[in-house]
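Presented below is the structure to which this report refers.
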Amino acid sequence: MLIAGQASAQFWFGPKFGMQLSKNAYQDKGYSNDYKIAQSLTWHAGFAMQYTTDRKFAVHTELIYQQLKNSITNLPSDPELLSESSHNIISVPMLGRYTMFYAGPFSVYAMAGPRLSYWIGGSGNLFTQEGLDADGLDGGPYDVGFSPSPGGIGDGVLSVSKPNRLQYGLDLGIGTVMDLASGQRVSFELRYSKGHSHMALGQEKLLEGASYSENYRYANNQLMASIGFLFGYDPSDKRKGSSTNKLSNKTK
């Protein structure tokens with residue numbers, strides 16, 4: 001049920017989920033000219049929390065799991081190539097939020113701040129006409145691992161020798177909040193996240209004997225849309241209740 005005014009609470013917390021459209025920005029601009037690199041649509045989900053300082057300002061943070069994908073195919077003039085990978089990321093944005101205006105149970109806000117992300121691991125699949133073994137088998141599926149020494153796909157694991165597992169970026173966004181009842185609200189957000197860290201510092205040979213190497217020198221940029229269900233908590237309400245109980249006991 002909608003309420004006429006804005007729900008008041010100092011802390012808000014709850015689950016959120018949504019989708020993101022990702023595009024990789026490579027340090028080597030020529031890499032994008034040599035291969036066709038597709039945008040990817042993936043999902044994210046996690047937990048959001050915010051601390052409201054007053055009616056307009058709030059500090060917002062999240063603990064989000066993201067799945068980011070990368071799909072690379074050859075240009076018509078090159079040997080046949082298909083490289084697909086999916087990477088698991090934990091992200092923690094720290095955002096300042098400013099409410100621009102209110103309209104009954106609705107409010108519209110802008111938010112901005114840094115994002116820290118941690119690369120957990122991933123998996124992929126590779127096919128190329130080069131580097132086939134005597135049985136004519138291609139690279140096949142693999143898991144992404146991390147190792148200080150370079151190596152191709154060994155025992156089904158791609159060893160990334162120079163990973164940048166802790167990454168940072170900048171988030172800018174806009175959103176709206178709809179208050180449903182006392183202490184409950186729904187948020188809708190559209191956010192752009194610009195990556196400032198490369199996934200890794202080099203390239204990895206995926207198949208022995210093949211000329212193709214996977215280029216990890218790219219930052220991931222995302223356009224994110226999400227919905228959150230938030231529940232409010234105000235410590236002052238608990239203190240008021242405690243004071244009222246003490247006063248009631250004294251009058252007995």
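For the structure tokens, the naming scheme is as follows: chains receive sequential letters (A, B, ...) according to their order of presentation, residues are indexed from 1 within each chain, and ligands are indexed from 1 in presentation order.
The environment of Tyr216 in chain A within 9 Å, counting only C-alpha atoms and disregarding residues fewer than 4 places along the same chain, consists of Tyr26, Val160, Pro163, His198, Met199, Ala200, Leu201, Gly202, Gln203 and Glu204 of chain A.
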Writer output for current selection, C-alpha atoms, as a PDB file, in the first residue's frame:
```
ATOM      1  CA  TYR A  26      41.014  -2.443 -24.581  1.00  0.00           C
ATOM      2  CA  VAL A 160      46.400 -16.005 -15.783  1.00  0.00           C
ATOM      3  CA  PRO A 163      45.889 -10.885 -12.905  1.00  0.00           C
ATOM      4  CA  HIS A 198      42.530  -3.798 -16.480  1.00  0.00           C
ATOM      5  CA  MET A 199      41.563  -7.409 -15.828  1.00  0.00           C
ATOM      6  CA  ALA A 200      45.245  -8.404 -16.131  1.00  0.00           C
ATOM      7  CA  LEU A 201      48.572  -6.923 -17.208  1.00  0.00           C
ATOM      8  CA  GLY A 202      49.279  -9.135 -20.210  1.00  0.00           C
ATOM      9  CA  GLN A 203      48.070 -11.698 -22.712  1.00  0.00           C
ATOM     10  CA  GLU A 204      47.709 -15.446 -22.228  1.00  0.00           C
TER      11      GLU A 204
END
```
Which residues come within 10 Å of Gly232 in chain A, counting only C-alpha atoms, excluding same-chain residues fewer than 3 positions away, as a PDB file with N, CA and C atoms, in the first residue's frame?
```pdb
ATOM      1  N   ALA A   7       8.682   7.680   3.922  1.00  0.00           N
ATOM      2  CA  ALA A   7       9.026   6.874   5.085  1.00  0.00           C
ATOM      3  C   ALA A   7      10.313   7.407   5.688  1.00  0.00           C
ATOM      4  N   SER A   8      10.370   7.466   7.014  1.00  0.00           N
ATOM      5  CA  SER A   8      11.527   8.036   7.696  1.00  0.00           C
ATOM      6  C   SER A   8      12.262   6.947   8.455  1.00  0.00           C
ATOM      7  N   ALA A   9      13.547   6.797   8.152  1.00  0.00           N
ATOM      8  CA  ALA A   9      14.405   5.853   8.863  1.00  0.00           C
ATOM      9  C   ALA A   9      15.842   6.274   8.650  1.00  0.00           C
ATOM     10  N   GLN A  10      16.704   5.886   9.575  1.00  0.00           N
ATOM     11  CA  GLN A  10      18.111   6.268   9.466  1.00  0.00           C
ATOM     12  C   GLN A  10      18.889   5.258   8.636  1.00  0.00           C
ATOM     13  N   PHE A  11      18.572   3.969   8.763  1.00  0.00           N
ATOM     14  CA  PHE A  11      19.235   2.918   8.005  1.00  0.00           C
ATOM     15  C   PHE A  11      18.215   2.211   7.105  1.00  0.00           C
ATOM     16  N   TRP A  12      18.683   1.883   5.888  1.00  0.00           N
ATOM     17  CA  TRP A  12      17.874   1.094   4.958  1.00  0.00           C
ATOM     18  C   TRP A  12      18.723  -0.049   4.436  1.00  0.00           C
ATOM     19  N   PHE A  13      18.127  -1.224   4.361  1.00  0.00           N
ATOM     20  CA  PHE A  13      18.892  -2.377   3.894  1.00  0.00           C
ATOM     21  C   PHE A  13      17.940  -3.386   3.260  1.00  0.00           C
ATOM     22  N   GLY A  14      18.500  -4.211   2.328  1.00  0.00           N
ATOM     23  CA  GLY A  14      17.686  -5.228   1.685  1.00  0.00           C
ATOM     24  C   GLY A  14      18.317  -5.736   0.405  1.00  0.00           C
ATOM     25  N   MET A  49      22.785  -1.400   1.345  1.00  0.00           N
ATOM     26  CA  MET A  49      22.567  -0.735   2.626  1.00  0.00           C
ATOM     27  C   MET A  49      22.877   0.745   2.476  1.00  0.00           C
ATOM     28  N   GLN A  50      22.090   1.586   3.128  1.00  0.00           N
ATOM     29  CA  GLN A  50      22.377   3.014   3.085  1.00  0.00           C
ATOM     30  C   GLN A  50      22.094   3.652   4.434  1.00  0.00           C
ATOM     31  N   TYR A  51      22.865   4.698   4.688  1.00  0.00           N
ATOM     32  CA  TYR A  51      22.737   5.478   5.918  1.00  0.00           C
ATOM     33  C   TYR A  51      22.274   6.872   5.529  1.00  0.00           C
ATOM     34  N   SER A 182       5.083   2.008   6.027  1.00  0.00           N
ATOM     35  CA  SER A 182       6.028   2.496   7.016  1.00  0.00           C
ATOM     36  C   SER A 182       7.205   1.531   7.146  1.00  0.00           C
ATOM     37  N   GLY A 183       8.408   2.024   6.832  1.00  0.00           N
ATOM     38  CA  GLY A 183       9.600   1.201   6.957  1.00  0.00           C
ATOM     39  C   GLY A 183       9.873   0.291   5.781  1.00  0.00           C
ATOM     40  N   GLN A 184       9.212   0.505   4.632  1.00  0.00           N
ATOM     41  CA  GLN A 184       9.439  -0.324   3.449  1.00  0.00           C
ATOM     42  C   GLN A 184       9.438   0.559   2.208  1.00  0.00           C
ATOM     43  N   ARG A 185      10.319   0.228   1.253  1.00  0.00           N
ATOM     44  CA  ARG A 185      10.355   0.986   0.008  1.00  0.00           C
ATOM     45  C   ARG A 185      10.968   0.154  -1.111  1.00  0.00           C
TER      46      ARG A 185
END
```
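Rounded to one decimal, CA of Gly175 in chain A and CA of Ala110 in chain A lie 6.4 Å from each other.
Pairwise distance (CA of Leu180 in chain A, CA of His60 in chain A) equals 20.0 Å.
The two atoms in question, CA of His196 in chain A and CA of Trp119 in chain A, are spaced 14.2 Å apart.
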Quiz item: Would you give me, as a PyMOL selection string, the residues in range 173-206 of chain A that DSSP reads as strand (DSSP E or B)?
Solution: chain A and resi 173-181+184-195+200+203-205
Could you write out that same residue set with N, CA and C atoms as a CSV table (one decimal), in the first residue's frame?
```csv
chain,number,residue,atom,x,y,z
A,173,GLY,N,24.9,7.5,-11.4
A,173,GLY,CA,23.6,7.0,-11.6
A,173,GLY,C,22.5,7.9,-11.2
A,174,ILE,N,21.3,7.5,-11.5
A,174,ILE,CA,20.1,8.1,-11.2
A,174,ILE,C,19.0,7.1,-10.8
A,175,GLY,N,18.1,7.4,-9.9
A,175,GLY,CA,17.2,6.4,-9.5
A,175,GLY,C,15.9,7.1,-8.8
A,176,THR,N,14.9,6.3,-8.5
A,176,THR,CA,13.7,6.7,-7.9
A,176,THR,C,13.4,5.8,-6.8
A,177,VAL,N,12.7,6.3,-5.7
A,177,VAL,CA,12.3,5.5,-4.6
A,177,VAL,C,10.8,5.6,-4.5
A,178,MET,N,10.1,4.5,-4.2
A,178,MET,CA,8.7,4.5,-4.0
A,178,MET,C,8.4,3.9,-2.6
A,179,ASP,N,7.9,4.7,-1.7
A,179,ASP,CA,7.6,4.2,-0.4
A,179,ASP,C,6.3,3.4,-0.4
A,180,LEU,N,6.3,2.2,0.1
A,180,LEU,CA,5.1,1.3,0.1
A,180,LEU,C,4.3,1.3,1.4
A,181,ALA,N,5.0,1.3,2.5
A,181,ALA,CA,4.4,1.4,3.8
A,181,ALA,C,5.5,1.8,4.8
A,184,GLN,N,9.2,0.5,4.6
A,184,GLN,CA,9.4,-0.3,3.4
A,184,GLN,C,9.4,0.6,2.2
A,185,ARG,N,10.3,0.2,1.3
A,185,ARG,CA,10.4,1.0,0.0
A,185,ARG,C,11.0,0.2,-1.1
A,186,VAL,N,10.7,0.6,-2.3
A,186,VAL,CA,11.3,-0.1,-3.5
A,186,VAL,C,12.1,1.0,-4.3
A,187,SER,N,13.3,0.6,-4.7
A,187,SER,CA,14.1,1.5,-5.5
A,187,SER,C,14.3,1.0,-6.9
A,188,PHE,N,14.4,1.9,-7.9
A,188,PHE,CA,14.7,1.6,-9.3
A,188,PHE,C,15.9,2.5,-9.7
A,189,GLU,N,16.9,1.8,-10.2
A,189,GLU,CA,18.2,2.6,-10.5
A,189,GLU,C,18.7,2.3,-11.9
A,190,LEU,N,19.3,3.3,-12.5
A,190,LEU,CA,20.0,3.2,-13.8
A,190,LEU,C,21.4,3.8,-13.5
A,191,ARG,N,22.4,3.0,-13.7
A,191,ARG,CA,23.8,3.4,-13.3
A,191,ARG,C,24.8,3.1,-14.4
A,192,TYR,N,25.7,4.0,-14.6
A,192,TYR,CA,26.9,3.7,-15.5
A,192,TYR,C,28.1,3.5,-14.7
A,193,SER,N,28.8,2.4,-14.9
A,193,SER,CA,30.0,2.1,-14.1
A,193,SER,C,31.2,2.0,-15.1
A,194,LYS,N,32.1,2.9,-14.9
A,194,LYS,CA,33.3,3.0,-15.8
A,194,LYS,C,34.5,2.4,-15.1
A,195,GLY,N,35.0,1.3,-15.7
A,195,GLY,CA,36.2,0.6,-15.1
A,195,GLY,C,37.5,1.4,-15.4
A,200,ALA,N,43.9,-7.9,-16.4
A,200,ALA,CA,45.2,-8.4,-16.1
A,200,ALA,C,46.2,-7.5,-16.9
A,203,GLN,N,48.9,-10.8,-21.9
A,203,GLN,CA,48.1,-11.7,-22.7
A,203,GLN,C,48.4,-13.1,-22.4
A,204,GLU,N,47.5,-14.0,-22.5
A,204,GLU,CA,47.7,-15.4,-22.2
A,204,GLU,C,47.5,-16.3,-23.5
A,205,LYS,N,48.5,-17.2,-23.7
A,205,LYS,CA,48.4,-18.1,-24.8
A,205,LYS,C,47.4,-19.2,-24.5
```
Self-check item: For Phe17 in chain A: contacts at 12 Å, only C-alpha atoms, fewer than 6 positions along chain excluded, given as a PyMOL selection string
Solution: chain A and resi 42-48+62-66+186-190+224-229
Residue selection dump (N, CA and C atoms) as a CSV table (one decimal), in the first residue's frame:
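Output contents, as saved in selection-v1.csv:
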```csv
chain,number,residue,atom,x,y,z
A,42,THR,N,24.3,-9.5,-18.9
A,42,THR,CA,24.4,-10.4,-17.8
A,42,THR,C,23.7,-9.9,-16.6
A,43,TRP,N,23.8,-10.6,-15.5
A,43,TRP,CA,22.9,-10.2,-14.3
A,43,TRP,C,23.8,-10.0,-13.1
A,44,HIS,N,23.2,-9.4,-12.1
A,44,HIS,CA,23.9,-9.1,-10.8
A,44,HIS,C,22.8,-9.2,-9.7
A,45,ALA,N,23.3,-9.6,-8.5
A,45,ALA,CA,22.4,-9.7,-7.4
A,45,ALA,C,23.2,-9.5,-6.1
A,46,GLY,N,22.6,-9.0,-5.1
A,46,GLY,CA,23.3,-8.9,-3.8
A,46,GLY,C,22.5,-8.2,-2.8
A,47,PHE,N,23.2,-7.4,-1.9
A,47,PHE,CA,22.6,-6.8,-0.7
A,47,PHE,C,23.0,-5.3,-0.7
A,48,ALA,N,22.0,-4.4,-0.5
A,48,ALA,CA,22.3,-3.0,-0.4
A,48,ALA,C,22.0,-2.4,1.0
A,62,GLU,N,26.9,-1.4,-1.3
A,62,GLU,CA,26.4,-2.7,-1.7
A,62,GLU,C,27.4,-3.8,-1.7
A,63,LEU,N,27.0,-5.0,-1.6
A,63,LEU,CA,27.8,-6.2,-1.7
A,63,LEU,C,27.1,-7.0,-2.8
A,64,ILE,N,27.7,-7.0,-4.1
A,64,ILE,CA,27.1,-7.5,-5.3
A,64,ILE,C,27.9,-8.5,-5.9
A,65,TYR,N,27.2,-9.6,-6.3
A,65,TYR,CA,27.9,-10.6,-7.2
A,65,TYR,C,27.5,-10.3,-8.6
A,66,GLN,N,28.5,-10.3,-9.5
A,66,GLN,CA,28.3,-10.0,-10.9
A,66,GLN,C,28.9,-11.1,-11.8
A,186,VAL,N,10.7,0.6,-2.3
A,186,VAL,CA,11.3,-0.1,-3.5
A,186,VAL,C,12.1,1.0,-4.3
A,187,SER,N,13.3,0.6,-4.7
A,187,SER,CA,14.1,1.5,-5.5
A,187,SER,C,14.3,1.0,-6.9
A,188,PHE,N,14.4,1.9,-7.9
A,188,PHE,CA,14.7,1.6,-9.3
A,188,PHE,C,15.9,2.5,-9.7
A,189,GLU,N,16.9,1.8,-10.2
A,189,GLU,CA,18.2,2.6,-10.5
A,189,GLU,C,18.7,2.3,-11.9
A,190,LEU,N,19.3,3.3,-12.5
A,190,LEU,CA,20.0,3.2,-13.8
A,190,LEU,C,21.4,3.8,-13.5
A,224,MET,N,24.0,-0.4,-16.0
A,224,MET,CA,23.3,-1.3,-15.0
A,224,MET,C,21.9,-0.8,-14.7
A,225,ALA,N,21.0,-1.7,-14.7
A,225,ALA,CA,19.6,-1.4,-14.3
A,225,ALA,C,19.2,-2.4,-13.2
A,226,SER,N,18.7,-1.9,-12.1
A,226,SER,CA,18.4,-2.8,-11.0
A,226,SER,C,17.2,-2.3,-10.2
A,227,ILE,N,16.7,-3.2,-9.4
A,227,ILE,CA,15.6,-3.0,-8.5
A,227,ILE,C,15.9,-3.5,-7.1
A,228,GLY,N,15.6,-2.7,-6.1
A,228,GLY,CA,15.9,-3.1,-4.7
A,228,GLY,C,14.7,-3.0,-3.8
A,229,PHE,N,14.6,-3.9,-2.9
A,229,PHE,CA,13.6,-3.9,-1.8
A,229,PHE,C,14.2,-3.6,-0.5
```
